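Trainee: My questions all concern the structure below.
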Number of protein chains: 4
Amino acid sequence: MDIEKYQIEAYNEPLLAAHGKAFDYIASTVPNAAAIIDKLRAFQIAIPSWALGTGGTRFGRFPGGGEPRNLEEKISDIGMLHALNRSSGAISLHIPWDIPSNPSHIKALAAQKGIVFDAMNSNTFQDQPGQALSYKFGSLQHVDAATRKQAIDHNIEVINYGIELGSTSLTVWLSDGSCFPGQLNFRKAFQNTLSGLQEIYRALPENWKMFVEYKAFEPNFYSTTVGDWGQSYLYASKLGPQAYTLVDLGHHHPNVNIEQIVSLLLMEGKLGGFHFNDSKYGDDDLTVGAIKPYQLFLIFNELIEGMDARGMEHATDLGWMIDASHNVKDPLEDLLQSVEAIMIAYAQALLVDRKALTEAQLQNDVARAQEILQQAYRTDVRPLVAEARLLDGGALQPLAVFRAAEIRKNLVKERGAVSIATGL
Amino acid sequence: MDIEKYQIEAYNEPLLAAHGKAFDYIASTVPNAAAIIDKLRAFQIAIPSWALGTGGTRFGRFPGGGEPRNLEEKISDIGMLHALNRSSGAISLHIPWDIPSNPSHIKALAAQKGIVFDAMNSNTFQDQPGQALSYKFGSLQHVDAATRKQAIDHNIEVINYGIELGSTSLTVWLSDGSCFPGQLNFRKAFQNTLSGLQEIYRALPENWKMFVEYKAFEPNFYSTTVGDWGQSYLYASKLGPQAYTLVDLGHHHPNVNIEQIVSLLLMEGKLGGFHFNDSKYGDDDLTVGAIKPYQLFLIFNELIEGMDARGMEHATDLGWMIDASHNVKDPLEDLLQSVEAIMIAYAQALLVDRKALTEAQLQNDVARAQEILQQAYRTDVRPLVAEARLLDGGALQPLAVFRAAEIRKNLVKERGAVSIATGL
Amino acid sequence: MDIEKYQIEAYNEPLLAAHGKAFDYIASTVPNAAAIIDKLRAFQIAIPSWALGTGGTRFGRFPGGGEPRNLEEKISDIGMLHALNRSSGAISLHIPWDIPSNPSHIKALAAQKGIVFDAMNSNTFQDQPGQALSYKFGSLQHVDAATRKQAIDHNIEVINYGIELGSTSLTVWLSDGSCFPGQLNFRKAFQNTLSGLQEIYRALPENWKMFVEYKAFEPNFYSTTVGDWGQSYLYASKLGPQAYTLVDLGHHHPNVNIEQIVSLLLMEGKLGGFHFNDSKYGDDDLTVGAIKPYQLFLIFNELIEGMDARGMEHATDLGWMIDASHNVKDPLEDLLQSVEAIMIAYAQALLVDRKALTEAQLQNDVARAQEILQQAYRTDVRPLVAEARLLDGGALQPLAVFRAAEIRKNLVKERGAVSIATGL
Amino acid sequence: MDIEKYQIEAYNEPLLAAHGKAFDYIASTVPNAAAIIDKLRAFQIAIPSWALGTGGTRFGRFPGGGEPRNLEEKISDIGMLHALNRSSGAISLHIPWDIPSNPSHIKALAAQKGIVFDAMNSNTFQDQPGQALSYKFGSLQHVDAATRKQAIDHNIEVINYGIELGSTSLTVWLSDGSCFPGQLNFRKAFQNTLSGLQEIYRALPENWKMFVEYKAFEPNFYSTTVGDWGQSYLYASKLGPQAYTLVDLGHHHPNVNIEQIVSLLLMEGKLGGFHFNDSKYGDDDLTVGAIKPYQLFLIFNELIEGMDARGMEHATDLGWMIDASHNVKDPLEDLLQSVEAIMIAYAQALLVDRKALTEAQLQNDVARAQEILQQAYRTDVRPLVAEARLLDGGALQPLAVFRAAEIRKNLVKERGAVSIATGL
């Protein structure tokens with residue numbers, strides 16, 4: 001199901017006057033509206049192929065209708081989102097769920113929608129039908145060399161699929177760890193994992209990056225073998241310059257200061273990318289910005305500061321991706337809300353008066369430093385984000401268009417009420 | 001697969017001398033060995049029907065072999081566990097997974113194994129095939145009265161199954177709650193839930209109890225409608241004298257002092273029962289005593305103190321149940337370890353010199369109070385627990401017998417390598 | 001040090017044009033600007049007398065200069081804050097730090113500044129010089145009746161001071177609890193505490209309220225005797241209709257959903273009031289809204305919903321107070337920032353389209369419910385808050401005036417660079 | 001106040017028969033009693049000078065009597081503890097609280113008591129009277145170079161005091177960090193801190209170690225500049241081979257797996273030492289083993305495994321220290337309980353059948369791995385610990401002797417009821 005440019009324009013039409021007023025107001029009160037809009041337009045967030053369908057919790061799963069049944073339909077869905085918000089022009093694939101039977105056809109289809117292939121994701125946390133050896137006791141950490149080799153080979157296979165599609169990065173997330181004290185020798189588990197990552201690393205093309213994702217815990221766990229940023233950093237620094245840490249916002253212990261981690265990883269040149277989502281209790285995979293929007297802003301604040309300091313061009317130098325699960329909302333609506341929240345946080349962070357902030361810091365003027373951040377955060381930047389979309393042909397109100405155009409209804413008609421997205 | 005008394009005796013035979021020595025030693029050093037053994041023998045822990053098979057995490061599930069395929073086989077498995085440890089003579093059923101097609105046959109089978117029917121469990125956290133209305137947005141809290149009625153009717157149906165089997169309690173665990181701010185009106189959700197529980201309560205036979213289980217969070221949640229002991233207490237006190245709070249050890253926020261909750265609920269006459277398990281991070285459903293054995297001891301310490309103060313006979317007055325999930329261990333081995341850990345904690349708590357403890361408390365002699373608890377906890381009470389088993393015809397080393405008798409191997413032979421337990 | 005109306009007007013003068021533009025813009029985009037401004041003007045937040053000086057952490061304390069040396073100077077400071085923001089027209093006293101030697105003089109002074117006397121606070125968590133019995137092992141929970149009586153008498157004395165000044169509520173915060181397992185009999189500690197609270201309750205004038213504040217933990221604690229909302233509710237419901245629970249935002253375990261607690265306490269008619277602050281890790285007593293402003297908004301959202309449902313008039317029916325500690329900021333600047341953050345959250349919550357929200361909830365339209373909350377939260381309401389201040393003669397930018405008028409410098413000149421506020 | 005050898009023998013006399021029986025029993029059931037006793041005898045735990053007096057919480061401090069008034073009395077107290085338990089033959093000093101006016105006299109005094117000088121501790125988290133520049137906004141992280149230099153100089157001065165006394169390590173714990181978002185530039189704070197540590201490192205004698213202690217948070221904090229093991233590891237690896245991470249058990253976020261951190265730091269050759277204590281909620285500084293004794297055992301289990309793997313001699317290669325605070329117990333009693341808990345955990349960990357554990361791990365036999373750990377942990381090893389003490393002339397029951405000999409009473413007589421230990 002496509003949404004055409006003229007349709008979007010038609011939906012925008014009655015809103016243009018109000019938008020113009022709102023935009024003029026904000027543009028007249030912030031010093032750098034044009035520069036912010038340029039940055040917003042350049043910013044693209046990858047959508048993971050598995051976030052297009054309904055997820056589940058440990059107990060229940062309540063699927064919706066019209067979910068994409070194959071890779072083509074996943075690309076189509078993301079193309080539609082991208083048409084609406086002009087900020088989600090990338091897809092992140094998961095193997096084996098998204099093995100392209102005809103890569104060149106898939107590439108052409110994606111190109112036509114303006115979609116590029118972001119990080120490839122391997123899966124060694126589930127056993128696939130017909131798989132020779134089980135990952136019940138881990139994959140790269142496994143005490144058995146043959147199981148480790150199977151996991152290594154799978155990752156290399158994923159790289160190869162990625163090469164065919166034009167991706168340039170591999171995200172490795174392992175659910176390796178243990179459920180009970182005594183189950184693992186922590187040191188040997190680390191060393192086995194490192195050794196496996198090294199073999200995979202050797203298979204990386206020169207222009208590729210490897211992202212080592214960490215996660216503090218899963219339900220039923222006692223330890224995880226890539227459990228925090230410190231461990232991920234150890235792996236990445238031992239692997240070499242193409243290896244980086246990937247930060248998923250939900251993968252931390254309670255209260256952890258994520259923005260500080262972001263800053264330090266940038267300092268070390270080891271921040272690779274992000275999985276955006278939000279959470280109240282653990283790895284809840286809720287809509288970005290739905291629970292802690294100020295934390296999201298503070299993270300972007302560090303990103304901008306750190307990238308400036310390193311002379312980085314954000315749009316290409318870091319991997320930005322949503323990683324969420326949708327149980328009670330339409331997945332596509334949820335993704336539109338997530339992208340909007342990210343763009344808002346980014347725009348607010350771009351508003352921060354960095355010169356004044358540095359000055360306040362050098363004077364230990366804590367109250368003023370807070371004022372500077374809050375001045376940016378409390379500003380209603382939505383008209384800036386909308387303007388950026390408008391300039392690129394997107395919708396002023398993507399979610400409203402999604403509803404007004406009855407996109408879900410049409411998808412259900414097209415794909416059926418009981419389709420279930422491949423993947424999670 | 002049964003294990004016969006003579007087999008157990010044969011396994012015990014070569015261990016008797018060493019056990020005798022160990023038992024004599026401990027019996028000579030503690031003042032009340034005989035009384036403790038009497039209490040241990042009277043203590044029975046229910047096994048939930050769903051804990052007999054392999055569980056899963058959010059991502060992977062790695063089933064084992066020889067799992068029970070029906071209610072008869074579940075009773076058989078628990079009968080075998082009970083033959084080994086003489087402390088798990090009760091089963092807790094889950095409807096619809098365990099609907100008895102022939103209740104009188106099931107009752108006879110259980111009686112033959114020395115198994116009674118503990119609390120019945122309803123399920124309104126998953127949609128069953130063919131179910132008219134979905135629980136996607138909750139069950140008793142639902143904004144739609146018809147969905148609420150469906151959930152109420154289901155609970156009443158569960159009570160009726162329980163009556164047929166001789167159970168005398170219903171455990172209500174709801175995954176009702178919300179994923180996002182704004183989704184629920186908390187107050188109306190509470191009131192709908194209360195109103196539903198009241199209707200279910202009215203269907204309780206006079207000699208039944210209703211247990212209202214609370215849980216702080218699930219992955220992907222923002223709120224839960226029975227979220228902590230305070231909420232459960234509110235429901236239970238509004239419902240009436242047959243309603244109680246049920247404490248599951250894994251259902252708390254980080255760091256919460258569970259033993260204090262236990263004490264206060266006993267004080268209020270509202271502690272109904274327990275779901276035993278252990279956890280490192282959240283609701284991990286790990287083997288009882290595998291992570292925080294001292295906390296388990298402290299809980300038993302409060303239970304004994306509080307039950308003594310109320311003149312309660314523990315063996316019948318509270319519902320004791322394991323609620324665990326087994327992903328990397330044989331479920332039956334895990335249950336044997338769990339029951340052993342519970343018996344040890346109970347025995348240690350029975351060793352506490354209560355008179356001296358009260359005295360130390362009245363003198364604010366904190367160091368001595370700690371010494372008194374640690375004196376009991378550091379004692380190796382395993383010979384007491386083993387002696388209690390031995391006197392009832394159980395195995396000195398249940399897990400060793402389970403392995404030596406190759407029970408799992410026989411179950412796989414009997415039921416197949418790919419059987420999957422009904423339920424979770 | 002007073003700030004005069006004409007001074008404030010002079011500072012406002014050059015800002016009026018820009019404010020007018022901003023206010024006109026927001027007033028033209030929200031439907032109920034006038035009604036919101038009325039509510040904002042009626043809203044008053046009490047300043048605790050101990051928040052006017054520099055606080056400390058466990059290790060270091062770095063006092064500032066010009067801190068108030070007595071009750072008169074504390075009232076003077078709050079009068080100055082109130083002159084600037086017109087929203088902090090109340091003071092909350094702490095006995096023995098603020099014993100008024102001449103109550104009628106103090107009352108007159110406060111009246112002259114437009115300050116009323118909010119909740120009185122007792123102190124049984126520290127030993128005062130010359131105190132007969134120590135609170136080392138608790139106060140109302142103490143095993144010794146004489147110590148309990150001393151604590152009860154002190155609370156009654158606090159009530160009497162309050163009566164003289166025109167206060168109508170008593171806040172009881174106890175640091176009673178234990179450091180080690182075994183130290184306390186939880187049940188007896190609860191019962192002793194309840195019995196003490198009952199005696200204090202009997203001394204309450206008819207028009208007074210008693211607030212029972214809970215706190216999950218202190219450093220070096222193992223248990224607290226009023227540890228969570230459930231315990232506070234138990235006390236308050238056993239005490240009677242004049243007893244209520246007081247919620248301090250920092251007094252919870254990690255991740256706890258405070259807004260749900262607020263909703264349920266309002267439902268039960270047992271929410272008494274608030275201690276506002278913010279925190280990253282525990283009871284950090286940071287500036288309100290400095291860490292989790294969206295949580296603050298969600299709490300106000302529940303307050304408005306619940307007060308509407310109960311037909312409550314917020315401005316008089318709940319006790320609103322800041323409870324913060326200032327280590328690295330000027331305390332008065334911090335308080336100005338705190339009040340501003342509270343007013344913003346309140347204004348945002350007043351913007352929520354409640355009819356639409358209820359509708360979305362009844363349709364389980366979770367995405368729309370989120371949109372409705374975010375629409376309100378993302379709005380820049382600062383011009384509404386400023387307008388409310390302006391209409392009452394306050395400063396458009398209170399913090400800027402505080403700095404421009406060099407108030408701290410003048411206070412240091414007046415009171416000395418090494419004055420230390422009485423109290424914490 | 002000294003306790004003489006003959007006195008201890010007199011207290012032991014009536015207990016010898018029962019001890020002999022208990023020791024014979026355990027010695028006959030474990031395979032390696034003699035080897036364990038040798039290791040226990042070699043193990044020494046340093047007592048920090050500041051733990052000899054009563055500590056405080058944020059609000060109250062309730063000092064006891066007879067506290068040491070100077071360094072000589074501190075050494076005397078530790079000498080007395082060491083005479084009783086033969087396991088605390090080291091003191092850890094804190095500058096400026098323990099500046100030795102006459103180092104050679106102090107050295108002689110300590111030698112006479114069998115006490116060596118463990119790690120020296122610097123203090124840049126408090127301002128000392130007369131100090132030129134304040135640490136209000138940090139020390140090594142400070143934006144002002146002169147303040148950083150003052151902190152560097154202080155640390156070098158501490159090293160020099162240590163050299164005079166024969167210490168060979170410096171522990172740097174910083175309370176550097178921030179209270180609010182925006183206050184710090186995280187990266188510059190890290191770089192300033194690193195640069196300061198580098199200057200201090202250059203002042204280290206060749207045979208010295210530097211321990212970089214991390215801490216997740218303090219009350220009133222938003223970030224800490226050495227916040228977790230990952231940050232400490234970054235500093236230590238950039239500093240060089242004499243720099244190590246120091247782990248304090250209470251300095252972690254909720255639920256963190258500390259034993260895994262221990263294992264990984266040992267793997268990297270960067271584990272320097274320990275601050276032992278216990279906690280329920282945060283940095284509670286409670287008696288070692290009073291809350292989570294199984295965690296303590298698991299940590300020792302990793303230490304033994306990792307030290308074996310590195311061929312380390314524990315008694316000299318790692319720094320072992322208690323770091324606790326005593327509010328409701330006699331500090332000296334608390335320290336006796338702490339040392340006992342450490343010795344028990346160490347003995348239990350030495351009992352672990354490592355060969356069998358490795359085998360179980362290689363077979364993914366999780367249930368058996370758990371059995372192996374629990375077999376060791378559930379053993380009552382107290383007679384082994386007592387025997388080790390007895391062989392070195394210590395007391396069978398140190399705490400009982402402390403009480404029977406009325407040591408505190410005598411200390412109060414000697415030093416007065418209102419003495420307050422220098423330091424915290």
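Going through the structure tokens in order, the chains are called A, B, and so on, while each chain numbers its residues from 1 and the ligands are numbered from 1 in the order shown.
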Residues within 9 Å of Asn410 of chain B, please, as a VMD selection string. Count only C-alpha atoms; anything in the same chain fewer than 4 positions from it doesn't count.

Mentor: chain B and resid 1 66 405 to 406 414 to 415

Trainee: Please provide the set of residues having any atom within 6 Å of segment 136-148 of chain D, restricted to only C-alpha atoms, with same-chain residues fewer than 2 positions apart removed, written as a ChimeraX atom specification.

Mentor: /A:362 /C:62 /D:133-134,150-151,176,189,192-193,196

Trainee: Kindly save the residues from that selection, with all heavy atoms included, as a PDB file, in the first residue's frame.

Mentor:
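The result, written out as out_2.pdb:
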ATOM      1  N   LEU A 362      32.116  26.411  33.047  1.00  0.00           N
ATOM      2  CA  LEU A 362      33.429  26.897  33.491  1.00  0.00           C
ATOM      3  C   LEU A 362      33.319  27.779  34.732  1.00  0.00           C
ATOM      4  O   LEU A 362      34.283  27.949  35.477  1.00  0.00           O
ATOM      5  CB  LEU A 362      34.117  27.666  32.358  1.00  0.00           C
ATOM      6  CG  LEU A 362      34.607  26.768  31.224  1.00  0.00           C
ATOM      7  CD1 LEU A 362      35.142  27.591  30.063  1.00  0.00           C
ATOM      8  CD2 LEU A 362      35.686  25.795  31.713  1.00  0.00           C
TER       9      LEU A 362
ATOM     10  N   PHE C  62      29.063  22.293  51.965  1.00  0.00           N
ATOM     11  CA  PHE C  62      29.783  23.466  51.488  1.00  0.00           C
ATOM     12  C   PHE C  62      28.863  24.667  51.603  1.00  0.00           C
ATOM     13  O   PHE C  62      28.227  25.075  50.635  1.00  0.00           O
ATOM     14  CB  PHE C  62      30.233  23.234  50.038  1.00  0.00           C
ATOM     15  CG  PHE C  62      31.022  21.975  49.854  1.00  0.00           C
ATOM     16  CD1 PHE C  62      30.409  20.797  49.452  1.00  0.00           C
ATOM     17  CD2 PHE C  62      32.396  21.950  50.097  1.00  0.00           C
ATOM     18  CE1 PHE C  62      31.149  19.620  49.285  1.00  0.00           C
ATOM     19  CE2 PHE C  62      33.133  20.778  49.945  1.00  0.00           C
ATOM     20  CZ  PHE C  62      32.514  19.622  49.542  1.00  0.00           C
TER      21      PHE C  62
ATOM     22  N   LEU D 133      41.305  26.160  48.518  1.00  0.00           N
ATOM     23  CA  LEU D 133      40.273  26.093  47.477  1.00  0.00           C
ATOM     24  C   LEU D 133      39.275  25.000  47.824  1.00  0.00           C
ATOM     25  O   LEU D 133      39.643  23.950  48.352  1.00  0.00           O
ATOM     26  CB  LEU D 133      40.934  25.800  46.128  1.00  0.00           C
ATOM     27  CG  LEU D 133      41.949  26.860  45.675  1.00  0.00           C
ATOM     28  CD1 LEU D 133      42.877  26.308  44.602  1.00  0.00           C
ATOM     29  CD2 LEU D 133      41.217  28.098  45.168  1.00  0.00           C
ATOM     30  N   SER D 134      38.019  25.239  47.474  1.00  0.00           N
ATOM     31  CA  SER D 134      36.969  24.307  47.889  1.00  0.00           C
ATOM     32  C   SER D 134      36.766  23.191  46.861  1.00  0.00           C
ATOM     33  O   SER D 134      36.934  23.375  45.659  1.00  0.00           O
ATOM     34  CB  SER D 134      35.656  25.065  48.062  1.00  0.00           C
ATOM     35  OG  SER D 134      34.597  24.153  48.264  1.00  0.00           O
ATOM     36  N   GLN D 150      45.694  21.390  43.808  1.00  0.00           N
ATOM     37  CA  GLN D 150      45.611  21.197  45.257  1.00  0.00           C
ATOM     38  C   GLN D 150      45.272  19.736  45.581  1.00  0.00           C
ATOM     39  O   GLN D 150      45.838  19.143  46.501  1.00  0.00           O
ATOM     40  CB  GLN D 150      44.546  22.141  45.813  1.00  0.00           C
ATOM     41  CG  GLN D 150      44.246  21.947  47.285  1.00  0.00           C
ATOM     42  CD  GLN D 150      43.137  22.894  47.752  1.00  0.00           C
ATOM     43  OE1 GLN D 150      43.362  24.098  47.888  1.00  0.00           O
ATOM     44  NE2 GLN D 150      41.952  22.361  47.974  1.00  0.00           N
ATOM     45  N   ALA D 151      44.353  19.179  44.805  1.00  0.00           N
ATOM     46  CA  ALA D 151      43.960  17.781  45.041  1.00  0.00           C
ATOM     47  C   ALA D 151      45.087  16.823  44.685  1.00  0.00           C
ATOM     48  O   ALA D 151      45.311  15.814  45.364  1.00  0.00           O
ATOM     49  CB  ALA D 151      42.702  17.459  44.232  1.00  0.00           C
ATOM     50  N   ASP D 176      33.752  13.190  43.103  1.00  0.00           N
ATOM     51  CA  ASP D 176      33.558  14.063  41.947  1.00  0.00           C
ATOM     52  C   ASP D 176      32.374  13.579  41.107  1.00  0.00           C
ATOM     53  O   ASP D 176      32.168  12.387  40.931  1.00  0.00           O
ATOM     54  CB  ASP D 176      34.824  14.062  41.081  1.00  0.00           C
ATOM     55  CG  ASP D 176      35.955  14.851  41.731  1.00  0.00           C
ATOM     56  OD1 ASP D 176      36.070  14.810  42.968  1.00  0.00           O
ATOM     57  OD2 ASP D 176      36.722  15.496  41.005  1.00  0.00           O
ATOM     58  N   ALA D 189      35.361  16.418  32.285  1.00  0.00           N
ATOM     59  CA  ALA D 189      35.524  15.974  33.673  1.00  0.00           C
ATOM     60  C   ALA D 189      36.371  14.709  33.710  1.00  0.00           C
ATOM     61  O   ALA D 189      37.262  14.555  34.554  1.00  0.00           O
ATOM     62  CB  ALA D 189      34.158  15.717  34.311  1.00  0.00           C
ATOM     63  N   ASN D 192      40.047  15.751  32.779  1.00  0.00           N
ATOM     64  CA  ASN D 192      40.703  16.416  33.911  1.00  0.00           C
ATOM     65  C   ASN D 192      41.090  15.398  34.982  1.00  0.00           C
ATOM     66  O   ASN D 192      42.195  15.446  35.536  1.00  0.00           O
ATOM     67  CB  ASN D 192      39.776  17.471  34.526  1.00  0.00           C
ATOM     68  CG  ASN D 192      39.721  18.751  33.704  1.00  0.00           C
ATOM     69  OD1 ASN D 192      40.605  19.007  32.881  1.00  0.00           O
ATOM     70  ND2 ASN D 192      38.671  19.535  33.898  1.00  0.00           N
ATOM     71  N   THR D 193      40.162  14.513  35.277  1.00  0.00           N
ATOM     72  CA  THR D 193      40.411  13.521  36.318  1.00  0.00           C
ATOM     73  C   THR D 193      41.562  12.605  35.918  1.00  0.00           C
ATOM     74  O   THR D 193      42.458  12.319  36.721  1.00  0.00           O
ATOM     75  CB  THR D 193      39.123  12.705  36.567  1.00  0.00           C
ATOM     76  OG1 THR D 193      38.088  13.612  36.933  1.00  0.00           O
ATOM     77  CG2 THR D 193      39.326  11.677  37.668  1.00  0.00           C
ATOM     78  N   GLY D 196      44.865  14.374  36.294  1.00  0.00           N
ATOM     79  CA  GLY D 196      45.265  14.455  37.694  1.00  0.00           C
ATOM     80  C   GLY D 196      45.777  13.115  38.206  1.00  0.00           C
ATOM     81  O   GLY D 196      46.805  13.038  38.887  1.00  0.00           O
TER      82      GLY D 196
END

Trainee: Write out, as a Markdown table, each residue of chain C that has an atom at most 6 Å from chain A, together with the closest pair of atoms and their distance in Å to one decimal, counting only C-alpha atoms, rows going by chain and rising number.

Mentor:
| residue | atom | partner | partner_atom | distance |
| --- | --- | --- | --- | --- |
| C:Asn255 | CA | A:Tyr281 | CA | 5.7 |
| C:Tyr281 | CA | A:Asn255 | CA | 5.7 |
| C:Arg378 | CA | A:Asp380 | CA | 5.9 |
| C:Thr379 | CA | A:Asp380 | CA | 5.6 |
| C:Asp380 | CA | A:Asp380 | CA | 5.2 |

Trainee: What would the file look like if the residues just selected were written as an mmCIF file, in the first residue's frame with N, CA and C atoms?

Mentor:
data_model
loop_
_atom_site.group_PDB
_atom_site.id
_atom_site.type_symbol
_atom_site.label_atom_id
_atom_site.label_comp_id
_atom_site.auth_asym_id
_atom_site.auth_seq_id
_atom_site.Cartn_x
_atom_site.Cartn_y
_atom_site.Cartn_z
ATOM 1 N N ASN C 255 12.007 2.745 39.895
ATOM 2 C CA ASN C 255 11.005 2.411 38.866
ATOM 3 C C ASN C 255 9.542 2.483 39.310
ATOM 4 N N TYR C 281 18.595 8.730 41.561
ATOM 5 C CA TYR C 281 18.967 7.435 42.148
ATOM 6 C C TYR C 281 18.148 7.058 43.376
ATOM 7 N N ARG C 378 3.974 18.842 25.273
ATOM 8 C CA ARG C 378 4.931 19.460 24.350
ATOM 9 C C ARG C 378 4.650 20.939 24.108
ATOM 10 N N THR C 379 3.524 21.390 24.584
ATOM 11 C CA THR C 379 3.190 22.805 24.427
ATOM 12 C C THR C 379 4.069 23.658 25.346
ATOM 13 N N ASP C 380 4.536 24.749 24.826
ATOM 14 C CA ASP C 380 5.359 25.664 25.624
ATOM 15 C C ASP C 380 4.443 26.575 26.427
#

Trainee: Pick the closest to Lys39 of chain D from D:Arg408, D:Arg403, D:Arg389, D:Lys413: which is it, counting only C-alpha atoms?

Mentor: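 Of all the options, D:Arg389 lies closest to Lys39 of chain D.
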
Trainee: Per DSSP on the backbone, filter segment 374-421 of chain C down to the residues in alpha helix (DSSP H) and report them as number ranges by chain.

Mentor: C: 374-377, 382-391, 398-404, 407-415

Trainee: Report, in Å to a single decimal, how far apart atom CA of Asp278 of chain B and atom CA of Ile258 of chain B are.

Mentor: 12.2 Å

Trainee: Taking the backbone alone, and naming residues the way the document does, which bits of segment 94-249 of chain C are strand (DSSP E or B) by DSSP, as a PyMOL selection string?

Mentor: chain C and resi 94+116-117+120-121+169-172+177-178+209-213+223-224+243-248

Trainee: Extract, using only C-alpha atoms, all DNA, RNA and protein residues at most 12 Å from Leu264 of chain C, discarding same-chain residues fewer than 2 positions from it, and format them as a ChimeraX atom specification.

Mentor: /B:185-191,225-227,230-231,234-235 /C:229-230,233,245,257-262,266-271,299,302-303,305-307

Trainee: Using Å and a single decimal, report how far atom CA of Leu194 of chain D sits from atom CA of Ala216 of chain D.

Mentor: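 Computing it gives 17.9 Å between the two atoms.
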
Trainee: Ranking A:Ser28, A:Gln242, A:Thr224, A:Asn301 by minimum distance to Ser263 of chain A and counting only C-alpha atoms, which one comes first?

Mentor: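 The answer is A:Asn301, which sits nearest to Ser263 of chain A.
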
Trainee: Near Gln198 of chain B, counting only C-alpha atoms, which residues have an atom at most 12 Å away, once you skip same-chain residues fewer than 5 positions from it, shown as a list in words?

Mentor: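 What passes the distance filter is Leu140, Lys149, Ile152, Asn155, Ile156, Gln191, Asn192, Thr193, Ala203, Leu204, Met210, Val212, Tyr235, Ala236, Ser237, Lys238, Leu239, Gly240, Gln242 and Ala243 of chain B.
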
Trainee: Which is closer to Ile36 of chain A than all the others in A:Leu286, A:Ala90, A:Ala349, A:Val172, using only C-alpha atoms?

Mentor: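 Closest residue, counting only C-alpha atoms: A:Ala349.
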
Trainee: Neighbouring residues of Ile322 of chain C were defined as those with any atom within 9 Å, considering only C-alpha atoms; residues of the same chain fewer than 3 positions away were excluded. Please report them as an NGL selection string.

Mentor: :C and (45-48 or 51 or 274-277 or 287-288 or 335 or 338-339)

Trainee: Could you dump the residues just selected with C-alpha atoms as a CSV table (one decimal), in the first residue's frame?

Mentor:
chain,number,residue,atom,x,y,z
C,45,ILE,CA,3.4,26.0,47.0
C,46,ALA,CA,4.8,26.0,50.5
C,47,ILE,CA,8.5,26.5,51.1
C,48,PRO,CA,10.0,24.5,53.9
C,51,ALA,CA,15.3,24.6,52.3
C,274,PHE,CA,3.1,16.3,48.4
C,275,HIS,CA,6.8,16.9,49.0
C,276,PHE,CA,8.1,17.9,45.6
C,277,ASN,CA,11.6,17.3,44.5
C,287,THR,CA,15.3,20.6,42.1
C,288,VAL,CA,11.8,19.8,41.1
C,335,LEU,CA,13.5,27.3,44.9
C,338,SER,CA,11.5,24.4,41.5
C,339,VAL,CA,8.3,26.5,41.7
